[in-house]
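Report on the structure given below.
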Amino acid sequence: MNAVGQRVRAKFVPPPRLRLSEWIEGNVHLPEGLSATPGPMRLWPWQREIADAISDPLIERVTLLKASRIGFTALTVGAIGAYVANEPASILVLLPTESDCRDFIVSDVEPTFASSSALRRALAADREEGMRDTLTSRRFAGGSLKVVAARAPRNLRRHTARILIVDEADACEIGAEGDPIRLAERRTLTFANRKIVIGSTPIFEEVSPVLKSYKASDGRVFEVPCPSCGAFTEIMWKDIVWPEGDPGNAAFQCPHCKALVDERMKASMVAAGQWRATRPEVQGHAGFRLNSLVSLLANASWAKLAQEFLAGKDDPAELQVFSNTILAQGWSSPTMVNESELMARAEPFDLNNIPAEVLVLTVGCDVQDDRIETSVVGWARDSTALVLGHFVIWGSFQDTSTWQEVDELLRTRWRHPFGGMLKVDAACVDASDGDHFESVLGFCVPRMNRRIFAIKNMYGARPAFQMAKGKSIANKLAIVGVDGLKNIIFDRLQRGRGIRFSRSLEPIYYEQLASERRVIRYSRGQPVRRFERTGRTRNEALDCCVYAFAARQAVSITFDRRESELKGRPIEVRSLASQLAHSGMGVGSQWAPDSLRR
């Protein structure tokens, strides 16, 4: 009887509590198409402590300051699966946009759960009338999973959650109701055993939510041992070196013994790596910082990353992407542009003397009550922008003659050094001002087949150029992400690369181009990067530049074909100057009156 009783009692003893890393590797399977190595999920060495921190009841918050290529999404799905299967609770996932939410469920959660026997039937189907599951809201025994977009924070009002997971926190915009991350955290206040996990690639250093959260944590860094001296160190970009002109032989140079470590040793170094808390006095908040230099994926080899760096180092936009997504570093840059330095960089080219590398032309138009200002920008293969001319067309925006002159400018073709003629490939005309809206739409809508777009400025994290949805005439607008484009322009200007200027531009052009500065302002208690005027100087030149950059996004071109066309049969078209002289009209060009002549 004792033996029988022991066997009976043994059946009621709960299984040993597994750490999250152990449970994931024992129960989560990755399907084909989701992973390059489908099958049982095997965590990378750096993932195990992150996973165990998520399941540690003594840790309330986990922050991951991450690069790309380190497997955070798969780890998140595994953590959700562990809660669903072992510790049912209300789970709230916050992502930047609605499309992110749908993609997370369809591309990550559903395939992983379907491939894992422990999770296959975990997310319930409909059970009761009036309590139906949706794509982003699922129920299971003892809990629920809701995936909410930061751009629709009103969805947060209806939910409370014990588990909050925020992915790509830096891309979550502050809206009319405030900071969505702060709003989501408030939905966990009723739970004494809540868990808050925040992960993100940083974007801008001054306003990054994930950097702020990491600074409040115990600040863990992943260190690996040097094969030569055994000293542990966090691999940083300054430690990756290569022979001049040979990034394919990039190696790690130990900062302690200066030994060069070949890529072949990285796997064993990472396997022996360990996390070290730089602020161990902080309790209850585990923070992890991880860049792509420890990734064991083939496309994250030191040689590949060195080649990526060299390919983008002269383009501030590409360099920012590298800094954010590879090095897990926030991007920071000076706040102002020096107009004198810009003017000193002017070169002897204009629309009468177009450089051979210019293969695309775009135009940005800023509409004022008594004039329409326009900038013509040329584009090279490497995305360098060349400001070829800036013109002021005087006249009321309500006068047909004013718009006729704008149309003549946009129809003009200019002689290219290859022999052919260059025309305007796309133009953006600002319709943001309510008084100008109807006039701009009336001009642009009939010309959309020529890629002449009426645009509306939008601030915050927006695409550079995106057509509005809908069939009404008011939706024949293109939405322009002004802040993002100004950041690109400012970064190029401050680094002296990526934008070149015609010597025909007058001093006032540079004054207006440098008329704004980047500042940090607080919106609903959270820091936000904004652009503000530095004084009373007008900013039409900057606006025109922004709109010309936006117009470039609307142009899809094969450069080889364009170059071949320009070297082929030239199209004889009269210049704008001769056309206007013939018609009796004139162009009020404040800064380059002769630049429209052939």
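How things are named: the first chain in the structure tokens is A, the next is B, and so on; residues count from 1 in each chain; ligands count from 1 in the order shown.
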Using DSSP on the backbone coordinates, identify the residues of stretch 9-228 of chain A assigned to strand (DSSP E); present them as a ChimeraX atom specification. /A:29-30,39-40,61-66,90-95,137-140,143-149,163-167,195-200,220-225
With C-alpha atoms retained, write the just-selected residues as a short mmCIF file (atom, residue, chain, number, x, y, z; two decimals), in the first residue's frame.
```cif
data_model
loop_
_atom_site.label_atom_id
_atom_site.label_comp_id
_atom_site.auth_asym_id
_atom_site.auth_seq_id
_atom_site.Cartn_x
_atom_site.Cartn_y
_atom_site.Cartn_z
CA HIS A 29 8.89 24.68 -32.89
CA LEU A 30 9.62 27.12 -35.69
CA GLY A 39 12.30 22.76 -36.12
CA PRO A 40 12.74 22.94 -32.33
CA ARG A 61 10.51 45.13 -16.02
CA VAL A 62 12.69 43.89 -18.85
CA THR A 63 14.16 46.29 -21.41
CA LEU A 64 15.98 45.19 -24.53
CA LEU A 65 17.96 47.86 -26.39
CA LYS A 66 18.48 45.86 -29.53
CA SER A 90 -4.19 38.73 -19.77
CA ILE A 91 -1.46 39.62 -22.29
CA LEU A 92 -1.28 42.93 -24.12
CA VAL A 93 1.13 43.46 -27.04
CA LEU A 94 1.70 47.03 -28.25
CA LEU A 95 3.08 47.57 -31.76
CA SER A 137 -7.86 39.60 -29.97
CA ARG A 138 -7.78 35.96 -28.84
CA ARG A 139 -9.01 34.19 -25.75
CA PHE A 140 -7.63 31.05 -24.14
CA GLY A 143 -6.50 34.53 -20.14
CA SER A 144 -6.44 36.54 -23.33
CA LEU A 145 -4.06 37.89 -25.95
CA LYS A 146 -4.68 41.33 -27.43
CA VAL A 147 -2.42 43.02 -29.97
CA VAL A 148 -2.96 46.79 -30.18
CA ALA A 149 -1.55 49.52 -32.44
CA ILE A 163 1.68 41.03 -19.12
CA LEU A 164 2.63 43.96 -21.36
CA ILE A 165 4.99 43.51 -24.29
CA VAL A 166 6.03 46.55 -26.35
CA ASP A 167 7.98 45.94 -29.54
CA LYS A 195 5.42 42.08 -16.16
CA ILE A 196 6.45 44.82 -18.59
CA VAL A 197 8.77 43.94 -21.49
CA ILE A 198 9.97 46.74 -23.77
CA GLY A 199 12.17 46.08 -26.77
CA SER A 200 13.21 48.35 -29.59
CA ARG A 220 23.47 44.67 -18.69
CA VAL A 221 25.97 44.28 -21.54
CA PHE A 222 26.91 41.05 -23.34
CA GLU A 223 30.63 40.39 -23.06
CA VAL A 224 32.70 37.71 -24.80
CA PRO A 225 36.19 36.40 -23.95
#
```
Please run DSSP on the backbone and report, as a ChimeraX atom specification, all residues within stretch 62-306 of chain A that come out as alpha helix (DSSP H). /A:72-86,98-103,110-115,180-186,209-215,266-271,302-306
What does the distance between atom CA of A:Arg503 and atom CA of A:Pro348 come to in Å, to one decimal place? 5.4 Å
What's around A:Ile235 at 8 Å? Count only C-alpha atoms, leave out sequence neighbours fewer than 2 positions away in its own chain, and write the answer as a list of chain:residue names. A:Glu223, A:Val224, A:Thr233, A:Trp237, A:Asp239, A:Phe252, A:Leu293, A:Val294
Computed interatomic separation between atom CA of A:Val387 and atom CA of A:Phe501 (Å):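 Taking atom CA of A:Val387 and atom CA of A:Phe501, their separation equals 5.0 Å.
Using only C-alpha atoms, the smallest distance between any of A:Trp379, A:Tyr547, A:Phe113, A:Trp302 and A:Lys266 comes from A:Trp302.
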Write out as number ranges by chain each polymer residue whose atoms come within 9 Å of stretch 456-466 of chain A, counting only C-alpha atoms; drop sequence neighbours fewer than 6 positions from it. A: 171-174, 429-433, 477-485, 528-530, 549-554
Between atom CA of A:Ser375 and atom CA of A:Ile499, what is the distance, to one decimal in Å?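 Separation between atom CA of A:Ser375 and atom CA of A:Ile499: 13.3 Å.
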Can you work out which one of A:Ala306, A:Ile488, A:Ala122, A:Ala427 has the shortest atom-to-atom distance to A:Pro243, counting only C-alpha atoms?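 Closest candidate: A:Ala306.
With only C-alpha atoms as the atoms that count, the minimum distance from A:Ala286 to the choices A:Glu540, A:Glu185, A:Glu25, A:Asp218 is reached by A:Asp218.
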Tell me, as an MDAnalysis selection string, which residues lie within 9 Å of A:Leu410, counting only C-alpha atoms; anything in the same chain fewer than 5 positions away does not count. chainID A and resid 363 405 423:424 426:427 452
Could you turn the residues from that selection into a file that holds C-alpha atoms, as a short mmCIF file (atom, residue, chain, number, x, y, z; two decimals), in the first residue's frame?
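As written to disk, result-v5.cif reads:
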```cif
data_model
loop_
_atom_site.label_atom_id
_atom_site.label_comp_id
_atom_site.auth_asym_id
_atom_site.auth_seq_id
_atom_site.Cartn_x
_atom_site.Cartn_y
_atom_site.Cartn_z
CA VAL A 363 10.65 70.27 -58.33
CA GLU A 405 3.92 80.28 -65.43
CA LYS A 423 12.41 67.13 -68.22
CA VAL A 424 10.83 67.37 -64.78
CA ALA A 426 7.93 64.78 -60.63
CA ALA A 427 6.85 67.84 -58.66
CA ILE A 452 2.60 66.69 -60.41
#
```
Could you check the closest approach to A:Ser217 for each of A:Trp23, A:Trp242, A:Phe288, A:Tyr83 and tell me which residue wins, using only C-alpha atoms?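 Selected residue with least distance to A:Ser217: A:Phe288.
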A:Met467, A:Leu351, A:Ile455, A:Ile203: which is nearest A:Thr325, counting only C-alpha atoms?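 Ranked by minimum distance to A:Thr325, first place goes to A:Ile203.
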Stretch 372-374 of chain A environment, 7 Å, only C-alpha atoms, sequence neighbours closer than 5 positions dropped, as a ChimeraX atom specification: /A:363-367,390-394,544
